$ cat final-v2.txt   # compact mmCIF, C-alpha atoms
# COMPACT_ATOMS: atom_id res chain seq x y z
CA MET A 149 0.00 0.00 0.00
CA SER A 150 1.33 3.44 -0.93
CA PHE A 151 0.78 6.27 1.54
CA LYS A 152 2.13 9.74 2.24
CA ARG A 153 4.20 10.16 5.38
CA ASN A 154 5.34 13.34 7.12
CA ASP A 155 7.20 15.66 4.78
CA LEU A 156 10.05 16.22 7.22
CA GLN A 157 10.68 12.50 7.77
CA GLU A 158 10.72 11.88 4.03
CA TYR A 159 13.04 14.83 3.41
CA ILE A 160 15.57 13.68 6.02
CA GLU A 161 15.54 10.17 4.56
CA TYR A 162 16.15 11.67 1.11
CA GLU A 163 19.01 13.79 2.50
CA GLN A 164 20.70 10.62 3.75
CA GLY A 165 20.26 8.95 0.36
CA CYS A 166 17.77 6.37 1.65
CA PHE A 167 15.15 5.38 -0.93
CA ASP A 168 14.29 1.97 0.55
CA LEU A 169 12.52 2.14 3.92
CA ASN A 170 13.54 -1.43 4.68
CA GLN A 171 17.14 -0.17 4.84
CA TRP A 172 16.46 3.00 6.85
CA LYS A 173 17.83 1.73 10.18
CA THR A 174 21.23 1.14 8.57
CA TYR A 175 21.50 4.89 8.01
CA LYS A 176 21.87 5.75 11.71
CA PRO A 177 25.61 6.64 11.43
CA SER A 178 24.82 8.98 8.55
CA LEU A 179 21.87 10.47 10.43
CA ILE A 180 23.82 11.46 13.56
CA ASN A 181 26.58 13.01 11.45
CA TRP A 182 24.15 15.00 9.33
CA GLN A 183 24.03 18.72 10.05
CA ILE A 184 21.47 21.43 9.38
CA SER A 185 23.14 23.80 6.92
CA GLN A 186 22.33 27.11 5.33
CA SER A 187 21.61 25.26 2.09
CA ASN A 188 18.96 22.92 3.54
CA ILE A 189 17.33 24.94 6.31
CA SER A 190 14.75 26.53 3.99
CA ASN A 191 13.68 23.07 2.76
CA ILE A 192 13.46 21.86 6.36
CA GLN A 193 11.28 24.82 7.34
CA ARG A 194 9.03 24.27 4.34
CA CYS A 195 8.53 20.64 5.40
CA VAL A 196 7.91 21.72 9.01
CA ASP A 197 5.24 24.23 7.95
CA SER A 198 3.50 21.56 5.89
CA ASP A 199 3.59 19.03 8.74
CA ILE A 200 2.30 21.63 11.22
CA GLN A 201 -0.76 22.20 9.08
CA SER A 202 -1.32 18.47 8.56
CA TYR A 203 -1.25 17.75 12.30
CA TYR A 204 -3.51 20.73 12.96
CA PHE A 205 -6.23 19.57 10.57
CA LYS A 206 -6.06 16.02 11.87
CA ALA A 207 -6.60 17.42 15.37
CA LEU A 208 -9.53 19.61 14.34
CA GLN A 209 -11.28 16.77 12.55
CA SER A 210 -10.71 14.42 15.48
CA ILE A 211 -12.17 16.90 17.98
CA GLY A 212 -15.22 17.54 15.80
CA GLN A 213 -15.85 13.82 15.35
CA ALA A 214 -15.37 13.17 19.09
CA LEU A 215 -17.95 15.81 20.02
CA ASP A 216 -20.43 14.26 17.62
CA GLU A 217 -19.79 10.79 19.04
CA ILE A 218 -20.28 11.94 22.63
CA ARG A 219 -23.64 13.35 21.59
CA LYS A 220 -24.49 10.00 19.99
CA GLN A 221 -23.36 8.09 23.12
CA LYS A 222 -20.38 6.50 21.35
CA PHE A 223 -18.22 7.25 24.35
CA ALA A 224 -15.38 4.77 23.89
CA TRP A 225 -14.30 6.02 20.48
CA SER A 226 -14.79 9.64 21.50
CA ILE A 227 -12.12 9.11 24.19
CA VAL A 228 -9.77 7.59 21.63
CA LYS A 229 -10.32 10.48 19.22
CA LEU A 230 -9.88 13.12 21.91
CA TYR A 231 -6.56 11.53 22.81
CA TYR A 232 -5.45 11.43 19.17
CA SER A 233 -6.40 15.08 18.67
CA THR A 234 -4.17 15.94 21.63
CA PHE A 235 -1.29 13.86 20.27
CA TYR A 236 -1.50 15.65 16.91
CA LEU A 237 -1.57 19.04 18.63
CA LEU A 238 1.42 18.14 20.79
CA ARG A 239 3.45 17.11 17.73
CA CYS A 240 2.35 20.32 16.06
CA ASP A 241 3.41 22.39 19.08
CA ILE A 242 6.89 20.84 19.24
CA LEU A 243 7.42 21.82 15.59
CA LEU A 244 6.08 25.31 16.28
CA SER A 245 8.59 25.59 19.13
CA GLY A 246 11.48 25.18 16.69
CA PHE A 247 12.32 21.47 17.06
CA ILE A 248 12.20 18.65 14.54
CA MET A 249 11.66 14.95 15.27
CA VAL A 250 12.87 12.05 13.11
CA ARG A 251 12.34 8.32 13.68
CA CYS A 252 15.10 5.86 12.86
CA GLY A 253 14.49 3.01 15.28
CA GLY A 254 14.59 5.50 18.16
CA LEU A 255 13.56 9.15 18.21
CA TYR A 256 16.04 11.80 17.08
CA TYR A 257 15.47 15.50 17.56
CA SER A 258 17.15 18.81 16.90
CA GLU A 259 16.56 22.52 17.15
CA ILE A 260 15.97 24.09 13.74
CA LYS A 261 19.19 26.07 13.54
CA VAL A 262 22.14 26.08 11.17
CA GLY A 263 24.91 23.90 12.60
CA GLU A 264 22.63 21.71 14.73
CA ARG A 265 22.81 17.91 14.57
CA LEU A 266 20.14 15.34 15.39
CA LYS A 267 20.43 13.82 18.86
CA LEU A 268 19.02 10.48 19.98
CA TYR A 269 16.41 10.88 22.71
CA GLN A 270 16.57 7.85 24.97
CA LYS A 271 14.61 6.95 28.07
CA ASN A 272 14.01 3.53 29.56
CA ASN A 273 10.73 1.71 28.94
CA LEU A 274 9.47 4.02 26.19
CA ARG A 275 7.78 2.54 23.16
CA GLY A 276 6.18 3.97 20.05
CA ASP A 277 5.69 7.50 18.72
CA HIS A 278 3.12 8.39 21.36
CA GLN A 279 5.16 7.74 24.49
CA TYR A 280 8.28 9.18 22.86
CA THR A 281 6.48 12.37 21.82
CA ILE A 282 5.04 12.97 25.29
CA ALA A 283 8.39 12.25 26.97
CA LEU A 284 10.30 14.52 24.58
CA ALA A 285 7.82 17.36 25.14
CA ASN A 286 8.28 16.97 28.88
CA HIS A 287 12.09 16.89 28.45
CA LEU A 288 12.05 20.11 26.41
CA TYR A 289 9.69 21.69 28.95
CA ASP A 290 11.98 20.81 31.85
CA ASN A 291 14.91 22.35 29.94
CA GLY A 292 13.00 25.58 29.32
CA ASP A 293 12.82 24.99 25.56
CA PHE A 294 9.09 24.35 25.32
CA SER A 295 6.24 26.44 26.71
CA ASP A 296 3.15 24.43 27.64
CA PRO A 297 0.90 25.21 30.64
CA ILE A 298 -0.58 21.71 30.46
CA LEU A 299 2.82 20.31 31.46
CA GLY A 300 2.81 22.56 34.52
CA ASN A 301 0.74 20.21 36.66
CA LYS A 302 -0.22 16.54 36.94
CA ILE A 303 -3.23 14.25 37.17
CA ASP A 304 -2.93 11.50 39.79
CA GLY A 305 0.79 12.29 39.89
CA GLU A 306 1.20 11.81 36.13
CA ASN A 307 1.93 14.04 33.16
CA ALA A 308 -1.54 15.09 31.87
CA TYR A 309 -0.80 13.85 28.35
CA LEU A 310 0.36 10.50 29.67
CA TRP A 311 -2.81 10.27 31.78
CA LEU A 312 -4.87 10.81 28.64
CA LEU A 313 -2.79 8.24 26.70
CA LYS A 314 -3.31 5.64 29.43
CA ASN A 315 -7.06 6.20 29.34
CA ARG A 316 -7.05 5.76 25.58
CA GLU A 317 -5.12 2.49 26.05
CA ARG A 318 -7.56 1.41 28.78
CA VAL A 319 -10.44 1.85 26.36
CA ASN A 320 -8.62 0.26 23.41
CA TYR A 321 -6.93 -2.68 25.09
CA GLN A 322 -8.00 -3.28 28.67
CA MET A 323 -11.79 -3.11 28.70
CA LYS A 324 -13.57 -6.39 27.99
CA ASP A 325 -16.56 -4.43 26.64
CA PHE A 326 -17.08 -0.76 25.84
CA SER A 327 -19.28 1.04 28.37
CA ASP A 328 -21.53 2.41 25.59
CA PRO A 329 -24.30 3.49 25.75
CA TYR A 330 -23.38 4.38 29.33
CA PRO A 331 -20.73 7.08 29.66
CA ASP A 332 -17.25 6.06 30.77
CA ARG A 333 -16.25 7.40 34.18
CA ILE A 334 -13.97 10.10 32.72
CA ILE A 335 -16.67 11.43 30.39
CA SER A 336 -19.89 11.14 32.41
CA HIS A 337 -19.79 14.71 33.78
CA ILE A 338 -19.01 16.14 30.35
CA TYR A 339 -21.91 14.22 28.83
CA SER A 340 -24.31 15.97 31.20
CA TYR A 341 -23.64 19.21 29.29
CA PHE A 342 -24.60 17.48 26.04
CA LYS A 343 -27.84 16.14 27.53
CA GLU A 344 -28.71 19.62 28.76
CA GLU A 345 -27.64 21.19 25.43
CA ASN A 346 -25.05 23.31 27.21
CA LEU A 347 -21.91 22.46 25.24
CA SER A 348 -21.40 26.17 24.42
CA ARG A 349 -21.37 26.99 28.13
CA LEU A 350 -18.84 24.21 28.77
CA LEU A 351 -16.51 25.48 26.02
CA ASP A 352 -16.87 29.03 27.38
CA PHE A 353 -15.84 27.70 30.78
CA TYR A 354 -12.74 26.04 29.33
CA ALA A 355 -11.69 29.09 27.35
CA SER A 356 -12.05 31.42 30.33
CA ASN A 357 -10.00 29.14 32.61
CA THR A 358 -6.72 31.07 32.38
CA ASP A 359 -4.81 29.06 35.02
CA TYR A 360 -5.47 25.75 33.17
CA SER A 361 -6.77 24.12 36.36
CA VAL A 362 -9.65 22.67 34.33
CA CYS A 363 -7.11 20.46 32.53
CA PHE A 364 -6.26 18.72 35.80
CA THR A 365 -9.82 18.22 37.00
CA LYS A 366 -10.71 14.63 36.09
CA ASP A 367 -14.39 15.45 35.50
CA HIS A 368 -13.22 17.61 32.58
CA SER A 369 -9.69 16.56 31.57
CA VAL A 370 -10.54 14.28 28.64
CA LEU A 371 -12.13 17.22 26.78
CA SER A 372 -10.55 20.28 28.39
CA ILE A 373 -6.99 19.16 27.52
CA PRO A 374 -7.57 18.97 23.73
CA ILE A 375 -9.73 22.12 23.68
CA LYS A 376 -7.19 24.23 25.62
CA LYS A 377 -4.37 22.76 23.52
CA LEU A 378 -6.24 23.60 20.32
CA ILE A 379 -6.68 27.22 21.37
CA ASP A 380 -3.00 27.59 22.28
CA VAL A 381 -1.67 25.89 19.16
CA HIS A 382 -3.89 27.92 16.86
CA LYS A 383 -2.57 31.17 18.33
CA LYS A 384 1.00 29.99 17.67
CA ILE A 385 0.15 28.91 14.11
CA MET A 386 -1.33 32.30 13.29
CA SER A 387 1.85 34.07 14.42
CA ASN A 388 4.31 31.60 12.86
CA THR A 389 2.98 30.22 9.58
CA ASN A 390 0.51 30.99 6.82
CA PHE A 391 -2.08 28.58 5.48
CA ASP A 392 -1.45 27.71 1.85
CA ASP A 393 -4.30 27.49 -0.69
CA VAL A 394 -4.83 23.77 -0.10
CA HIS A 395 -5.14 24.21 3.65
CA SER A 396 -7.35 27.28 3.27
CA ARG A 397 -9.78 25.08 1.32
CA LYS A 398 -9.51 22.49 4.08
CA LEU A 399 -10.60 25.12 6.60
CA ALA A 400 -13.70 25.82 4.50
CA SER A 401 -14.51 22.11 4.17
CA LEU A 402 -13.91 21.57 7.89
CA ASN A 403 -16.47 24.26 8.67
CA HIS A 404 -18.94 22.23 6.59
CA LEU A 405 -17.89 19.02 8.38
CA LEU A 406 -18.55 20.49 11.83
CA ARG A 407 -21.96 21.78 10.77
CA ASN A 408 -22.84 18.26 9.64
CA LEU A 409 -21.82 16.69 12.96
CA ASN A 410 -25.01 17.73 14.73
CA ILE A 411 -23.10 20.53 16.44
CA SER A 412 -25.51 23.42 16.85
CA LYS A 413 -24.84 26.83 15.30
CA SER A 414 -24.26 28.41 18.72
CA GLU A 415 -21.82 25.64 19.70
CA LEU A 416 -20.00 25.97 16.39
CA ASN A 417 -19.72 29.73 16.91
CA THR A 418 -18.30 29.12 20.38
CA ILE A 419 -15.60 26.84 18.97
CA LYS A 420 -14.81 29.42 16.28
CA THR A 421 -14.61 32.26 18.76
CA HIS A 422 -12.38 30.59 21.34
CA ALA A 423 -10.04 28.85 18.92
CA ASN A 424 -10.23 31.91 16.60
CA ILE A 425 -10.68 29.52 13.68
CA LEU A 426 -12.77 28.88 10.60

$ encode --input "final-v2.txt" --output "structure tokens"
Amino acid sequence: MSFKRNDLQEYIEYEQGCFDLNQWKTYKPSLINWQISQSNISNIQRCVDSDIQSYYFKALQSIGQALDEIRKQKFAWSIVKLYYSTFYLLRCDILLSGFIMVRCGGLYYSEIKVGERLKLYQKNNLRGDHQYTIALANHLYDNGDFSDPILGNKIDGENAYLWLLKNRERVNYQMKDFSDPYPDRIISHIYSYFKEENLSRLLDFYASNTDYSVCFTKDHSVLSIPIKKLIDVHKKIMSNTNFDDVHSRKLASLNHLLRNLNISKSELNTIKTHANIL
């Protein structure tokens, strides 16, 4: 099956002369010796801008679909989609913060600056893009290289993103049966706003919560984390990159998608206002 991967990953592979993915892991020595130069930094930034927009639209679509599924009492998959929207936004935010990530067995990262080389990020017991991304974001945050209020506190003693990941894994892999049509414990309070047709009021509450405490309140975390992250990431996108024609058309089509997801006009306007989108 042929599929399009992230532009940056493909560009770095091309830079190393790798045209066969089955051989990619053998290029590790070349990868760690590779350096960002004046001649390739514009191509890197072009790939980064494209990947930022791709992650952003994946996140928006996932949030819209999750809201529709909560309304339809498809709670299990709404939790999975809310997690995925957050993962896409976190990847997007790392790129917006001036860092690139490349997979070659492990995770390599670098600041986007001339003269920088890719470094291997290693930490025991990590597996897969999701755990690596969350751990790298936390590492950059601890070093003062990444600004993210959601990393400023914890849920049950855990990184908020990791808490959300573990709940996604609980739904995907650990539950014998989905709780549907009964709301899962982490979404039952949120669902009460849907039943009372007060989603707009809930989103207003999230947007006005300037200290981000709503992200660490378990009655709200599964939805407040992606919504607050969406608002923050969109502000950064608007000050760092411009939407190309293709992505401008995607914004228009996404507006149509959200209208078709049984999200009321007032709720749609609330999302637009707080995320300053569409």

$ atom_distance --input "final-v2.txt" --atom1 "atom CA of Ile160 of chain A" --atom2 "atom CA of Tyr309 of chain A"
27.7 Å

$ residues_around --input "final-v2.txt" --residues "Glu161 of chain A" --least-positions-apart "5" --cutoff "9 Å" --atoms "all atoms listed in the file" --output "JSON, numbers by chain"
{"A": [156, 166, 167, 169, 172, 175, 179]}

$ atom_distance --input "final-v2.txt" --atom1 "atom CA of Tyr289 of chain A" --atom2 "atom CA of Asn301 of chain A"
11.9 Å

$ closest_atom_pairs --input "final-v2.txt" --of "segment 227-315 of chain A" --to "segment 202-211 of chain A" --cutoff "7 Å" --atoms "all atoms listed in the file" --output "CSV"
residue,atom,partner,partner_atom,distance
A:Lys229,CA,A:Ser210,CA,5.4
A:Leu230,CA,A:Ile211,CA,5.9
A:Ser233,CA,A:Ala207,CA,4.1
A:Thr234,CA,A:Ala207,CA,6.9
A:Tyr236,CA,A:Tyr203,CA,5.1
A:Leu237,CA,A:Ala207,CA,6.2
A:Cys240,CA,A:Tyr203,CA,5.8

$ atom_distance --input "final-v2.txt" --atom1 "atom CA of Ala308 of chain A" --atom2 "atom CA of Asn346 of chain A"
25.3 Å

$ residues_near_point --input "final-v2.txt" --point "(-26.6, 17.5, 25.4)" --cutoff "12 Å" --atoms "all atoms listed in the file" --output "list in words"
Leu215, Asp216, Glu217, Ile218, Arg219, Lys220, Gln221, Ser336, His337, Ile338, Tyr339, Ser340, Tyr341, Phe342, Lys343, Glu344, Glu345, Asn346, Leu347, Ser348, Arg349, Leu350, Asn410, Ile411, Ser412 and Glu415 of chain A
